[in-house]
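**Q** Sharing entry_16.pdb below, PDB, C-alpha atoms:
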```pdb
ATOM      1  CA  MET A   1    -167.457   5.812  72.372
ATOM      2  CA  LEU A   2    -170.651   5.708  74.434
ATOM      3  CA  HIS A   3    -172.036   3.369  71.768
ATOM      4  CA  SER A   4    -169.599   0.631  72.806
ATOM      5  CA  TRP A   5    -171.353  -2.227  74.585
ATOM      6  CA  LEU A   6    -168.378  -2.689  76.898
ATOM      7  CA  VAL A   7    -168.488   0.907  78.129
ATOM      8  CA  MET A   8    -172.265   0.823  78.498
ATOM      9  CA  ASP A   9    -172.170  -2.433  80.481
ATOM     10  CA  ALA A  10    -169.389  -1.133  82.708
ATOM     11  CA  LEU A  11    -171.379   2.042  83.422
ATOM     12  CA  ILE A  12    -174.412  -0.055  84.353
ATOM     13  CA  VAL A  13    -172.359  -2.269  86.691
ATOM     14  CA  PHE A  14    -170.432   0.573  88.373
ATOM     15  CA  PHE A  15    -173.379   2.874  88.864
ATOM     16  CA  GLY A  16    -175.850   0.079  89.619
ATOM     17  CA  ALA A  17    -173.647  -1.104  92.468
ATOM     18  CA  ALA A  18    -173.214   2.497  93.642
ATOM     19  CA  ALA A  19    -177.001   3.004  93.605
ATOM     20  CA  LEU A  20    -177.508  -0.126  95.710
ATOM     21  CA  LEU A  21    -174.876   0.996  98.219
ATOM     22  CA  ALA A  22    -176.432   4.482  98.341
ATOM     23  CA  ALA A  23    -179.879   2.968  98.983
ATOM     24  CA  ALA A  24    -178.410   0.940 101.834
ATOM     25  CA  ALA A  25    -176.693   4.061 103.177
ATOM     26  CA  ILE A  26    -180.028   5.902 103.304
ATOM     27  CA  PHE A  27    -181.267   3.411 105.879
ATOM     28  CA  ARG A  28    -177.987   3.156 107.806
ATOM     29  CA  ALA A  29    -177.327   6.911 108.130
ATOM     30  CA  LYS A  30    -177.696   8.344 111.610
ATOM     31  CA  SER A  31    -178.335  11.965 110.678
ATOM     32  CA  LEU A  32    -180.610  13.783 108.276
ATOM     33  CA  TYR A  33    -177.599  15.139 106.386
ATOM     34  CA  GLY A  34    -176.267  11.618 105.909
ATOM     35  CA  ARG A  35    -179.605  10.354 104.619
ATOM     36  CA  VAL A  36    -180.055  13.192 102.155
ATOM     37  CA  ASP A  37    -176.421  12.905 100.999
ATOM     38  CA  ALA A  38    -176.991   9.202 100.349
ATOM     39  CA  ALA A  39    -180.261   9.943  98.533
ATOM     40  CA  ALA A  40    -178.498  12.500  96.333
ATOM     41  CA  ALA A  41    -175.758   9.961  95.572
ATOM     42  CA  ALA A  42    -178.434   7.376  94.731
ATOM     43  CA  ALA A  43    -180.128   9.837  92.363
ATOM     44  CA  LEU A  44    -176.808  10.595  90.669
ATOM     45  CA  ALA A  45    -176.026   6.894  90.293
ATOM     46  CA  LEU A  46    -179.480   6.122  88.902
ATOM     47  CA  VAL A  47    -179.149   8.901  86.334
ATOM     48  CA  MET A  48    -175.835   7.457  85.222
ATOM     49  CA  VAL A  49    -177.392   3.965  85.020
ATOM     50  CA  ALA A  50    -179.958   5.491  82.655
ATOM     51  CA  VAL A  51    -177.087   6.900  80.586
ATOM     52  CA  GLY A  52    -175.512   3.443  80.511
ATOM     53  CA  LEU A  53    -178.801   1.923  79.369
ATOM     54  CA  GLY A  54    -178.951   4.436  76.511
ATOM     55  CA  TRP A  55    -182.020   6.266  77.826
ATOM     56  CA  ALA A  56    -180.378   9.705  77.973
ATOM     57  CA  PRO A  57    -181.844  11.037  74.691
ATOM     58  CA  LEU A  58    -185.315   9.766  75.629
ATOM     59  CA  VAL A  59    -185.767  11.138  79.165
ATOM     60  CA  THR A  60    -183.248  13.964  79.353
ATOM     61  CA  GLY A  61    -185.561  16.446  81.101
ATOM     62  CA  ARG A  62    -186.366  14.091  83.979
ATOM     63  CA  LEU A  63    -182.737  13.084  84.405
ATOM     64  CA  GLU A  64    -181.607  16.693  84.374
ATOM     65  CA  MET A  65    -184.212  17.483  87.040
ATOM     66  CA  MET A  66    -182.864  14.698  89.294
ATOM     67  CA  LEU A  67    -179.330  16.032  88.923
ATOM     68  CA  ALA A  68    -180.523  19.605  89.506
ATOM     69  CA  VAL A  69    -182.107  18.594  92.818
ATOM     70  CA  ALA A  70    -178.931  16.753  93.859
ATOM     71  CA  LEU A  71    -176.810  19.757  92.857
ATOM     72  CA  ALA A  72    -179.100  22.105  94.795
ATOM     73  CA  TRP A  73    -178.746  19.914  97.890
ATOM     74  CA  PHE A  74    -174.958  19.829  97.679
ATOM     75  CA  ALA A  75    -174.779  23.581  97.025
ATOM     76  CA  ALA A  76    -177.048  24.286 100.005
ATOM     77  CA  SER A  77    -175.040  21.958 102.218
ATOM     78  CA  ILE A  78    -171.885  23.929 101.427
ATOM     79  CA  ALA A  79    -173.393  27.001 103.042
ATOM     80  CA  PHE A  80    -175.503  25.508 105.819
ATOM     81  CA  ARG A  81    -173.653  22.462 107.132
ATOM     82  CA  LYS A  82    -172.337  23.064 110.618
ATOM     83  CA  GLY A  83    -168.759  22.223 111.532
ATOM     84  CA  GLY A  84    -169.379  19.770 114.384
ATOM     85  CA  PRO A  85    -166.738  17.453 115.824
ATOM     86  CA  GLU A  86    -167.552  14.599 113.411
ATOM     87  CA  SER A  87    -168.549  16.842 110.501
ATOM     88  CA  THR A  88    -166.380  17.338 107.444
ATOM     89  CA  GLY A  89    -167.692  20.870 107.083
ATOM     90  CA  PRO A  90    -168.372  22.163 103.593
ATOM     91  CA  PHE A  91    -166.013  19.722 101.857
ATOM     92  CA  THR A  92    -168.650  16.995 101.428
ATOM     93  CA  GLY A  93    -170.906  19.476  99.664
ATOM     94  CA  ILE A  94    -168.109  20.817  97.483
ATOM     95  CA  TYR A  95    -167.087  17.314  96.380
ATOM     96  CA  GLY A  96    -170.706  16.280  95.786
ATOM     97  CA  ALA A  97    -171.420  19.410  93.745
ATOM     98  CA  GLY A  98    -168.317  18.847  91.618
ATOM     99  CA  VAL A  99    -169.204  15.230  90.918
ATOM    100  CA  THR A 100    -172.779  16.235  90.073
ATOM    101  CA  VAL A 101    -171.547  18.861  87.602
ATOM    102  CA  LEU A 102    -169.423  16.202  85.899
ATOM    103  CA  ALA A 103    -172.470  13.905  85.748
ATOM    104  CA  VAL A 104    -174.466  16.725  84.112
ATOM    105  CA  TRP A 105    -171.696  17.089  81.538
ATOM    106  CA  VAL A 106    -171.786  13.361  80.768
ATOM    107  CA  LEU A 107    -175.599  13.388  80.575
ATOM    108  CA  PHE A 108    -175.575  16.362  78.208
ATOM    109  CA  SER A 109    -172.984  14.723  75.973
ATOM    110  CA  ALA A 110    -174.824  11.397  75.964
ATOM    111  CA  ALA A 111    -178.145  13.051  75.192
ATOM    112  CA  HIS A 112    -176.762  15.180  72.362
ATOM    113  CA  GLY A 113    -174.636  12.979  70.161
ATOM    114  CA  GLY A 114    -173.581  10.112  72.347
ATOM    115  CA  GLY A 115    -169.915  11.031  72.339
ATOM    116  CA  THR A 116    -169.120  10.190  68.724
ATOM    117  CA  ALA A 117    -166.661  12.377  66.869
ATOM    118  CA  THR A 118    -169.171  13.464  64.219
ATOM    119  CA  ASP A 119    -172.212  14.131  66.416
ATOM    120  CA  HIS A 120    -170.653  15.650  69.518
ATOM    121  CA  PRO A 121    -172.015  19.191  70.038
ATOM    122  CA  ALA A 122    -168.803  20.674  71.427
ATOM    123  CA  HIS A 123    -166.114  18.396  70.056
ATOM    124  CA  GLN A 124    -163.360  20.960  70.229
ATOM    125  CA  LEU A 125    -159.941  20.842  71.783
ATOM    126  CA  GLY A 126    -161.041  22.557  75.004
ATOM    127  CA  ALA A 127    -163.912  20.109  75.549
ATOM    128  CA  ILE A 128    -161.665  17.124  74.839
ATOM    129  CA  LEU A 129    -158.936  18.343  77.206
ATOM    130  CA  GLY A 130    -161.505  19.194  79.880
ATOM    131  CA  ALA A 131    -163.005  15.707  79.652
ATOM    132  CA  VAL A 132    -159.601  14.010  79.804
ATOM    133  CA  MET A 133    -158.431  16.131  82.759
ATOM    134  CA  SER A 134    -161.713  15.483  84.570
ATOM    135  CA  CYS A 135    -161.259  11.782  83.841
ATOM    136  CA  LEU A 136    -157.819  11.843  85.451
ATOM    137  CA  LEU A 137    -159.196  13.763  88.423
ATOM    138  CA  MET A 138    -161.908  11.124  88.928
ATOM    139  CA  ILE A 139    -159.323   8.321  88.700
ATOM    140  CA  PHE A 140    -157.371   9.978  91.519
ATOM    141  CA  ALA A 141    -160.602  10.507  93.455
ATOM    142  CA  ALA A 142    -161.511   6.808  93.118
ATOM    143  CA  ALA A 143    -158.050   5.786  94.295
ATOM    144  CA  GLY A 144    -158.261   8.251  97.176
ATOM    145  CA  TRP A 145    -161.634   6.893  98.287
ATOM    146  CA  MET A 146    -160.311   3.342  98.223
ATOM    147  CA  MET A 147    -157.220   4.325 100.202
ATOM    148  CA  ALA A 148    -159.290   6.269 102.737
ATOM    149  CA  THR A 149    -161.543   3.252 103.136
ATOM    150  CA  PHE A 150    -159.073   0.372 103.347
ATOM    151  CA  ALA A 151    -155.648   1.796 104.191
ATOM    152  CA  LYS A 152    -154.926   1.918 107.887
ATOM    153  CA  SER A 153    -151.931   2.202 110.082
ATOM    154  CA  ALA A 154    -150.729  -0.679 112.249
ATOM    155  CA  ASN A 155    -151.676   1.181 115.436
ATOM    156  CA  ASN A 156    -155.173   2.233 114.383
ATOM    157  CA  LYS A 157    -157.904  -0.375 113.923
ATOM    158  CA  ALA A 158    -160.632   2.111 112.953
ATOM    159  CA  HIS A 159    -161.361   3.191 109.397
ATOM    160  CA  ALA A 160    -161.476   6.879 108.563
ATOM    161  CA  VAL A 161    -164.284   6.409 106.019
ATOM    162  CA  PRO A 162    -167.127   3.918 106.475
ATOM    163  CA  ARG A 163    -166.787   1.082 103.999
ATOM    164  CA  LEU A 164    -170.185   1.545 102.351
ATOM    165  CA  THR A 165    -169.498   5.226 101.776
ATOM    166  CA  GLY A 166    -165.952   4.718 100.523
ATOM    167  CA  ILE A 167    -166.823   1.945  98.095
ATOM    168  CA  ARG A 168    -169.896   3.838  96.848
ATOM    169  CA  GLU A 169    -167.900   6.995  96.190
ATOM    170  CA  ALA A 170    -165.072   5.042  94.563
ATOM    171  CA  LEU A 171    -167.570   3.356  92.231
ATOM    172  CA  ILE A 172    -169.140   6.689  91.337
ATOM    173  CA  ALA A 173    -165.742   8.311  90.710
ATOM    174  CA  GLY A 174    -164.502   5.337  88.674
ATOM    175  CA  GLY A 175    -167.683   5.214  86.627
ATOM    176  CA  LEU A 176    -167.518   8.945  85.946
ATOM    177  CA  ALA A 177    -163.877   8.578  84.909
ATOM    178  CA  MET A 178    -164.892   5.917  82.413
ATOM    179  CA  ALA A 179    -167.826   7.981  81.125
ATOM    180  CA  LEU A 180    -165.702  11.120  80.783
ATOM    181  CA  TYR A 181    -163.067   9.191  78.853
ATOM    182  CA  ALA A 182    -165.794   7.784  76.610
ATOM    183  CA  ILE A 183    -167.140  11.231  75.693
ATOM    184  CA  SER A 184    -163.713  12.783  75.098
TER     185      SER A 184
END
```
Let me see whether you can do it: turn the structure in this file into structure tokens.

**A**
Amino acid sequence: MLHSWLVMDALIVFFGAAALLAAAAIFRAKSLYGRVDAAAAAALALVMVAVGLGWAPLVTGRLEMMLAVALAWFAASIAFRKGGPESTGPFTGIYGAGVTVLAVWVLFSAAHGGGTATDHPAHQLGAILGAVMSCLLMIFAAAGWMMATFAKSANNKAHAVPRLTGIREALIAGGLAMALYAIS
């Protein structure tokens, strides 16, 4: 299904917009953690743009290296991020690591067979169910990011999640949901 022009174009649009928002977040972040988190999100989005462009079989090693660095950052931030008053603690790192692992799965599937039924390396029931369940999880994550960004009570005028961050994460989660469905 990754050979469909509609899916490929949608991946380029979703992840291209997420990469632009992540690049903007690098400059707007007030802390080092925020800047590196945004850079890791930009790297993840750019890798997925490359998957959407069909470059995954050509430059797999470089793309895997970008995702490995992002995964290492998120894994390190789980252990070393301090729980300050405005900090989310280790949850940002856990979510980022999980999303990066799903992106690695999509990259691997796109690089080795492109998600077709005949060429898929692990086209077995467990892989199909795992991809579909991960797709549903990313749909809920995208909806949760949008609700955390735009839903507010009548008494509270502040947003819990900054708009750039919420929209970026919703685009990444929605794009991964689409990519996971395409490889299932």

**Q** For the provided coordinates, the residues matched by the PyMOL selection byres ((chain A and resi 21-27) around 9) should be stated as a list of chain:residue names.

**A**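 Taken on the displayed file, the PyMOL selection byres ((chain A and resi 21-27) around 9) yields the residues A:Gly16, A:Ala17, A:Ala18, A:Ala19, A:Leu20, A:Arg28, A:Ala29, A:Lys30, A:Gly34, A:Arg35, A:Val36, A:Asp37, A:Ala38, A:Ala39, A:Ala40, A:Ala41, A:Ala42, A:Ala43, A:Ala45, A:Leu164, A:Thr165, A:Ile167, A:Arg168.
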
**Q** Which residues fall under the PyMOL selection byres ((chain A and resi 66-83) around 10) in this file, as an MDAnalysis selection string?

**A** chainID A and resid 33 36:37 39:48 60:65 84:101 103:104 107

**Q** Quote the spacing between CA of Ile183 in chain A and CA of Ile128 in chain A in Å to one decimal place.

**A**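 We find that CA of Ile183 in chain A and CA of Ile128 in chain A lie 8.1 Å from each other.
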
**Q** With a distance cut-off of 10 Å and only C-alpha atoms, select the neighbouring residues of Leu102 in chain A, excluding the residue or stretch itself and same-chain residues fewer than 5 positions from it, and output the selection as a list in words.

**A**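 Once the nearby chain positions are removed, what remains is Gly96, Ala97, Leu107, Phe108, Ala131, Ser134, Cys135, Met138, Ala173, Leu176, Ala177, Ala179 and Leu180 of chain A.
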
**Q** Take the residues from that selection and put them in a file with C-alpha atoms, as a compact mmCIF listing (two decimals), in the frame of the given file.

**A**
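The result, stored in selection.txt:
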```txt
# COMPACT_ATOMS: atom_id res chain seq x y z
CA GLY A 96 -170.71 16.28 95.79
CA ALA A 97 -171.42 19.41 93.74
CA LEU A 107 -175.60 13.39 80.58
CA PHE A 108 -175.58 16.36 78.21
CA ALA A 131 -163.00 15.71 79.65
CA SER A 134 -161.71 15.48 84.57
CA CYS A 135 -161.26 11.78 83.84
CA MET A 138 -161.91 11.12 88.93
CA ALA A 173 -165.74 8.31 90.71
CA LEU A 176 -167.52 8.94 85.95
CA ALA A 177 -163.88 8.58 84.91
CA ALA A 179 -167.83 7.98 81.12
CA LEU A 180 -165.70 11.12 80.78
```

**Q** Just give me the gap between CA of Met8 in chain A and CA of Leu58 in chain A in Å, one decimal is fine.

**A**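 Between CA of Met8 in chain A and CA of Leu58 in chain A the gap works out to 16.1 Å.
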
**Q** What is the distance between CA of Leu171 in chain A and CA of Trp105 in chain A, in Å to one decimal?

**A** 17.9 Å
